[in-house]
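Note: the block below is start.pdb and it holds PDB, C-alpha atoms, pLDDT in the B column.
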ATOM      1  CA  MET A   1      -8.020 -69.140 -21.069  1.00 73.00           C
ATOM      2  CA  ASP A   2     -10.362 -69.036 -18.057  1.00 74.00           C
ATOM      3  CA  PRO A   3     -10.519 -65.828 -16.022  1.00 71.00           C
ATOM      4  CA  PRO A   4      -8.647 -66.046 -12.701  1.00 79.00           C
ATOM      5  CA  ARG A   5     -10.725 -67.301  -9.783  1.00 87.00           C
ATOM      6  CA  LEU A   6     -10.291 -66.685  -6.103  1.00 89.00           C
ATOM      7  CA  PRO A   7      -8.888 -69.911  -4.617  1.00 93.00           C
ATOM      8  CA  ILE A   8     -11.638 -71.674  -2.652  1.00 93.00           C
ATOM      9  CA  GLY A   9      -9.359 -72.016   0.391  1.00 93.00           C
ATOM     10  CA  LEU A  10      -8.857 -68.252   0.524  1.00 94.00           C
ATOM     11  CA  HIS A  11     -12.580 -67.620   0.065  1.00 94.00           C
ATOM     12  CA  LEU A  12     -13.365 -70.126   2.817  1.00 95.00           C
ATOM     13  CA  THR A  13     -10.748 -68.671   5.178  1.00 95.00           C
ATOM     14  CA  ARG A  14     -11.979 -65.103   4.727  1.00 96.00           C
ATOM     15  CA  THR A  15     -15.626 -66.114   5.101  1.00 96.00           C
ATOM     16  CA  ALA A  16     -14.861 -68.183   8.199  1.00 96.00           C
ATOM     17  CA  ARG A  17     -13.012 -65.242   9.764  1.00 97.00           C
ATOM     18  CA  VAL A  18     -15.942 -62.848   9.221  1.00 98.00           C
ATOM     19  CA  VAL A  19     -18.553 -65.365  10.402  1.00 97.00           C
ATOM     20  CA  SER A  20     -16.430 -66.275  13.428  1.00 97.00           C
ATOM     21  CA  ARG A  21     -16.020 -62.625  14.381  1.00 98.00           C
ATOM     22  CA  ALA A  22     -19.774 -62.020  14.048  1.00 98.00           C
ATOM     23  CA  TYR A  23     -20.532 -65.097  16.196  1.00 98.00           C
ATOM     24  CA  ASP A  24     -18.033 -63.943  18.827  1.00 98.00           C
ATOM     25  CA  GLU A  25     -19.814 -60.566  18.899  1.00 98.00           C
ATOM     26  CA  ALA A  26     -23.224 -62.246  19.274  1.00 98.00           C
ATOM     27  CA  LEU A  27     -21.960 -64.317  22.207  1.00 98.00           C
ATOM     28  CA  ALA A  28     -20.279 -61.273  23.780  1.00 98.00           C
ATOM     29  CA  ALA A  29     -23.574 -59.356  23.557  1.00 98.00           C
ATOM     30  CA  ALA A  30     -25.056 -62.185  25.670  1.00 97.00           C
ATOM     31  CA  ASP A  31     -22.173 -61.844  28.187  1.00 97.00           C
ATOM     32  CA  GLY A  32     -20.323 -64.895  26.915  1.00 97.00           C
ATOM     33  CA  SER A  33     -17.633 -66.210  24.631  1.00 96.00           C
ATOM     34  CA  LEU A  34     -17.126 -69.238  22.423  1.00 95.00           C
ATOM     35  CA  PRO A  35     -14.976 -71.113  24.975  1.00 94.00           C
ATOM     36  CA  MET A  36     -17.568 -70.392  27.680  1.00 96.00           C
ATOM     37  CA  TRP A  37     -20.390 -71.602  25.424  1.00 97.00           C
ATOM     38  CA  LEU A  38     -18.527 -74.804  24.541  1.00 95.00           C
ATOM     39  CA  VAL A  39     -17.827 -75.589  28.206  1.00 95.00           C
ATOM     40  CA  LEU A  40     -21.418 -74.850  29.251  1.00 96.00           C
ATOM     41  CA  MET A  41     -22.841 -76.893  26.387  1.00 95.00           C
ATOM     42  CA  ASN A  42     -20.625 -79.859  27.232  1.00 94.00           C
ATOM     43  CA  LEU A  43     -21.629 -79.676  30.888  1.00 95.00           C
ATOM     44  CA  LYS A  44     -25.291 -79.759  29.844  1.00 93.00           C
ATOM     45  CA  VAL A  45     -24.640 -82.932  27.846  1.00 89.00           C
ATOM     46  CA  ARG A  46     -22.860 -84.586  30.779  1.00 87.00           C
ATOM     47  CA  ALA A  47     -23.763 -83.285  34.203  1.00 82.00           C
ATOM     48  CA  ARG A  48     -20.194 -83.612  35.455  1.00 89.00           C
ATOM     49  CA  ALA A  49     -16.892 -83.921  33.629  1.00 91.00           C
ATOM     50  CA  SER A  50     -13.220 -83.973  34.442  1.00 91.00           C
ATOM     51  CA  GLN A  51     -11.112 -81.096  33.189  1.00 91.00           C
ATOM     52  CA  ARG A  52      -9.351 -83.542  30.850  1.00 90.00           C
ATOM     53  CA  GLU A  53     -12.682 -84.695  29.366  1.00 91.00           C
ATOM     54  CA  LEU A  54     -13.833 -81.103  28.921  1.00 92.00           C
ATOM     55  CA  ALA A  55     -10.583 -80.046  27.250  1.00 92.00           C
ATOM     56  CA  ALA A  56     -10.893 -82.922  24.771  1.00 90.00           C
ATOM     57  CA  ALA A  57     -14.561 -82.177  24.088  1.00 88.00           C
ATOM     58  CA  VAL A  58     -13.936 -78.459  23.585  1.00 87.00           C
ATOM     59  CA  GLY A  59     -10.796 -79.066  21.524  1.00 87.00           C
ATOM     60  CA  ILE A  60      -8.318 -77.075  23.613  1.00 90.00           C
ATOM     61  CA  ARG A  61      -5.358 -77.890  25.857  1.00 93.00           C
ATOM     62  CA  GLU A  62      -5.961 -78.505  29.539  1.00 91.00           C
ATOM     63  CA  ALA A  63      -3.892 -75.452  30.506  1.00 91.00           C
ATOM     64  CA  THR A  64      -6.036 -73.234  28.278  1.00 93.00           C
ATOM     65  CA  LEU A  65      -9.196 -74.785  29.684  1.00 94.00           C
ATOM     66  CA  THR A  66      -7.959 -74.147  33.232  1.00 93.00           C
ATOM     67  CA  HIS A  67      -7.669 -70.447  32.388  1.00 95.00           C
ATOM     68  CA  HIS A  68     -11.294 -70.396  31.156  1.00 95.00           C
ATOM     69  CA  LEU A  69     -12.542 -72.451  34.104  1.00 96.00           C
ATOM     70  CA  ASN A  70     -10.834 -70.103  36.560  1.00 96.00           C
ATOM     71  CA  ALA A  71     -12.748 -67.179  35.067  1.00 96.00           C
ATOM     72  CA  MET A  72     -16.007 -69.145  34.911  1.00 97.00           C
ATOM     73  CA  GLU A  73     -15.623 -70.298  38.503  1.00 97.00           C
ATOM     74  CA  ALA A  74     -14.952 -66.702  39.622  1.00 97.00           C
ATOM     75  CA  GLN A  75     -18.219 -65.709  37.881  1.00 97.00           C
ATOM     76  CA  GLY A  76     -20.043 -68.508  39.694  1.00 97.00           C
ATOM     77  CA  LEU A  77     -20.858 -70.425  36.498  1.00 97.00           C
ATOM     78  CA  VAL A  78     -19.086 -73.683  37.342  1.00 97.00           C
ATOM     79  CA  ARG A  79     -17.924 -75.510  40.424  1.00 96.00           C
ATOM     80  CA  ARG A  80     -14.774 -77.635  40.605  1.00 94.00           C
ATOM     81  CA  GLU A  81     -14.178 -80.327  43.182  1.00 92.00           C
ATOM     82  CA  ARG A  82     -11.721 -83.143  43.589  1.00 90.00           C
ATOM     83  CA  ASP A  83     -12.819 -86.541  42.354  1.00 83.00           C
ATOM     84  CA  PRO A  84     -13.222 -88.703  45.474  1.00 84.00           C
ATOM     85  CA  HIS A  85     -11.649 -91.605  43.547  1.00 84.00           C
ATOM     86  CA  SER A  86      -8.643 -89.681  42.225  1.00 84.00           C
ATOM     87  CA  ARG A  87      -7.120 -86.739  44.103  1.00 79.00           C
ATOM     88  CA  ARG A  88      -5.424 -85.446  40.956  1.00 83.00           C
ATOM     89  CA  THR A  89      -8.674 -85.187  39.008  1.00 86.00           C
ATOM     90  CA  HIS A  90     -10.993 -82.208  39.298  1.00 87.00           C
ATOM     91  CA  LEU A  91     -14.632 -82.639  38.343  1.00 92.00           C
ATOM     92  CA  VAL A  92     -16.526 -79.686  36.900  1.00 95.00           C
ATOM     93  CA  THR A  93     -20.269 -79.111  37.276  1.00 95.00           C
ATOM     94  CA  LEU A  94     -22.669 -76.319  36.346  1.00 96.00           C
ATOM     95  CA  THR A  95     -24.115 -74.002  38.957  1.00 96.00           C
ATOM     96  CA  GLU A  96     -27.538 -72.337  38.732  1.00 97.00           C
ATOM     97  CA  ALA A  97     -25.813 -69.254  37.324  1.00 98.00           C
ATOM     98  CA  GLY A  98     -24.040 -71.505  34.804  1.00 97.00           C
ATOM     99  CA  ASP A  99     -27.347 -73.008  33.765  1.00 96.00           C
ATOM    100  CA  ALA A 100     -28.773 -69.501  33.253  1.00 97.00           C
ATOM    101  CA  ALA A 101     -25.686 -68.540  31.218  1.00 98.00           C
ATOM    102  CA  PHE A 102     -26.140 -71.685  29.129  1.00 97.00           C
ATOM    103  CA  LEU A 103     -29.730 -70.675  28.311  1.00 97.00           C
ATOM    104  CA  ARG A 104     -28.663 -67.115  27.462  1.00 98.00           C
ATOM    105  CA  LEU A 105     -25.867 -68.288  25.160  1.00 98.00           C
ATOM    106  CA  ARG A 106     -28.085 -70.989  23.633  1.00 97.00           C
ATOM    107  CA  ASP A 107     -30.609 -68.303  22.718  1.00 98.00           C
ATOM    108  CA  ALA A 108     -27.839 -66.116  21.244  1.00 98.00           C
ATOM    109  CA  THR A 109     -26.576 -69.111  19.259  1.00 97.00           C
ATOM    110  CA  ILE A 110     -30.041 -69.922  17.932  1.00 97.00           C
ATOM    111  CA  ALA A 111     -30.589 -66.289  16.900  1.00 98.00           C
ATOM    112  CA  PHE A 112     -27.175 -66.154  15.225  1.00 98.00           C
ATOM    113  CA  ASP A 113     -27.838 -69.437  13.395  1.00 97.00           C
ATOM    114  CA  ARG A 114     -31.144 -68.079  12.093  1.00 97.00           C
ATOM    115  CA  ARG A 115     -29.382 -64.913  10.933  1.00 97.00           C
ATOM    116  CA  LEU A 116     -26.667 -66.942   9.235  1.00 96.00           C
ATOM    117  CA  ARG A 117     -29.179 -69.202   7.471  1.00 96.00           C
ATOM    118  CA  GLY A 118     -31.421 -66.284   6.471  1.00 96.00           C
ATOM    119  CA  GLY A 119     -32.802 -66.523   2.956  1.00 96.00           C
ATOM    120  CA  ILE A 120     -30.983 -69.778   2.148  1.00 97.00           C
ATOM    121  CA  ALA A 121     -33.141 -72.788   1.276  1.00 97.00           C
ATOM    122  CA  ASP A 122     -32.639 -76.014   3.232  1.00 96.00           C
ATOM    123  CA  ASP A 123     -31.456 -77.905   0.145  1.00 97.00           C
ATOM    124  CA  ARG A 124     -28.773 -75.277  -0.491  1.00 97.00           C
ATOM    125  CA  LEU A 125     -27.659 -75.452   3.159  1.00 96.00           C
ATOM    126  CA  ALA A 126     -27.422 -79.243   2.853  1.00 96.00           C
ATOM    127  CA  ALA A 127     -25.276 -78.797  -0.264  1.00 97.00           C
ATOM    128  CA  VAL A 128     -23.027 -76.347   1.624  1.00 95.00           C
ATOM    129  CA  ALA A 129     -22.603 -78.879   4.447  1.00 94.00           C
ATOM    130  CA  GLU A 130     -21.723 -81.619   1.944  1.00 95.00           C
ATOM    131  CA  THR A 131     -19.238 -79.329   0.211  1.00 96.00           C
ATOM    132  CA  LEU A 132     -17.586 -78.390   3.514  1.00 95.00           C
ATOM    133  CA  THR A 133     -17.259 -82.097   4.357  1.00 94.00           C
ATOM    134  CA  SER A 134     -15.674 -82.772   0.955  1.00 96.00           C
ATOM    135  CA  LEU A 135     -13.222 -79.886   1.444  1.00 95.00           C
ATOM    136  CA  LEU A 136     -12.324 -81.276   4.870  1.00 94.00           C
ATOM    137  CA  PHE A 137     -11.619 -84.736   3.459  1.00 95.00           C
ATOM    138  CA  ASN A 138      -9.703 -83.273   0.489  1.00 96.00           C
ATOM    139  CA  VAL A 139      -7.104 -81.843   2.873  1.00 95.00           C
ATOM    140  CA  GLY A 140      -6.743 -85.010   4.924  1.00 95.00           C
ATOM    141  CA  GLY A 141      -9.427 -84.448   7.532  1.00 91.00           C
ATOM    142  CA  THR A 142     -11.181 -87.452   8.998  1.00 91.00           C
ATOM    143  CA  GLU A 143     -14.572 -88.298  10.472  1.00 90.00           C
ATOM    144  CA  ASP A 144     -13.132 -87.190  13.843  1.00 85.00           C
ATOM    145  CA  ASP A 145     -12.711 -83.661  12.446  1.00 85.00           C
ATOM    146  CA  LEU A 146     -16.384 -83.329  11.547  1.00 85.00           C
ATOM    147  CA  PRO A 147     -18.471 -81.245  13.928  1.00 81.00           C
ATOM    148  CA  SER A 148     -20.579 -83.439  16.159  1.00 71.00           C
ATOM    149  CA  PRO A 149     -24.319 -82.894  16.337  1.00 62.00           C
ATOM    150  CA  PRO A 150     -25.729 -81.128  19.394  1.00 54.00           C
ATOM    151  CA  GLY A 151     -26.290 -83.338  22.394  1.00 51.00           C
ATOM    152  CA  PRO A 152     -29.347 -83.994  24.519  1.00 44.00           C
ATOM    153  CA  ARG A 153     -30.907 -81.874  27.244  1.00 41.00           C
ATOM    154  CA  GLY A 154     -31.687 -78.725  25.289  1.00 43.00           C
ATOM    155  CA  CYS A 155     -28.361 -78.224  23.537  1.00 47.00           C
ATOM    156  CA  ARG A 156     -29.741 -78.234  20.014  1.00 42.00           C
ATOM    157  CA  ALA A 157     -28.948 -74.915  18.362  1.00 40.00           C
ATOM    158  CA  THR A 158     -31.547 -74.958  15.601  1.00 37.00           C
TER
END
Turn this file's structure into structure tokens for me.
Amino acid sequence: MDPPRLPIGLHLTRTARVVSRAYDEALAAADGSLPMWLVLMNLKVRARASQRELAAAVGIREATLTHHLNAMEAQGLVRRERDPHSRRTHLVTLTEAGDAAFLRLRDATIAFDRRLRGGIADDRLAAVAETLTSLLFNVGGTEDDLPSPPGPRGCRAT
């Protein structure tokens, strides 16, 4: 009889929790957060976006995004204005301070990614990525659930 093994889902969940917490701490040390980083990164990819588009891109509900945008607007990182073609739509753009925050959080993300990849060969990292994709598909995930690659205009994290 084989010795008992830790279920891969439990191992993955625990690892993800620790890595996520460490990434949150790295972003906080750069005066940011994951939601802030995701909004800033998406606004670098597209210069202007509606709140609905941003919520979909970030993967959160519009009401949750509004909470984050309120805080970001109060910090001077983003500007919201009504769409001249639709009074019910608010368009969000980066400010100079938002652009500076983007650069700060991009640098924190790059440093964290280097730390996370430390001592692991590229071929092993590729195998990890393939394994994660297989695990995703094994539980019913689709291509839409895969992380999208970084966009243009300096958003690449590696």
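Excluding His90 (chain A) itself and same-chain residues fewer than 6 positions from it, the residues having an atom within 7 Å of it are A:Ser50, A:Gln51, A:Arg80, A:Glu81, A:Arg82, A:Asp83, counting only C-alpha atoms.
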Exactly which residues make up the result of the PyMOL selection byres ((chain A and resi 76) around 9) on this file, given as a PyMOL selection string? chain A and resi 71-75+77-79+94-98
What box, with edges along x, y and z, holds each listed atom of region 11-22 of chain A when 3 Å is added on every side, and can you state its centre and edge lengths in Å to one decimal, as AutoDock Vina command-line options?
--center_x -15.3 --center_y -66.1 --center_z 7.2 --size_x 15.0 --size_y 14.1 --size_z 20.3
Picked residues, the PyMOL selection byres ((chain A and resi 35-41) around 9), expected as a PyMOL selection string: chain A and resi 27+32-34+42-46+54-55+57-58+65+68-69+72+77-78+94+98-99+101-102+105-106+150-151+155
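We find CA of Arg14 (chain A) and CA of Glu62 (chain A) to be spaced 28.8 Å apart.
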Fewer than 2 positions away in the same chain doesn't count, so skip those; otherwise give me all residues within 10 Å of region 118-135 of chain A, counting only C-alpha atoms, as a PyMOL selection string. chain A and resi 8-9+12+112-116+137-143+145-147
Distance of CA of Arg48 (chain A) from CA of Thr66 (chain A), expressed in Å to one decimal place: 15.6 Å
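The spacing separating CA of Leu103 (chain A) from CA of Ala47 (chain A) amounts to 15.1 Å.
Taking all atoms listed in the file into account, Thr89 (chain A) lies nearest to A:Arg52 out of the set A:Val18, A:Arg52, A:Ile110, A:Tyr23.
Here the question is which of A:Ala16, A:Ile60, A:Ala30, A:Ala49 gets nearest to Thr93 (chain A) using only C-alpha atoms, and that residue is A:Ala49.
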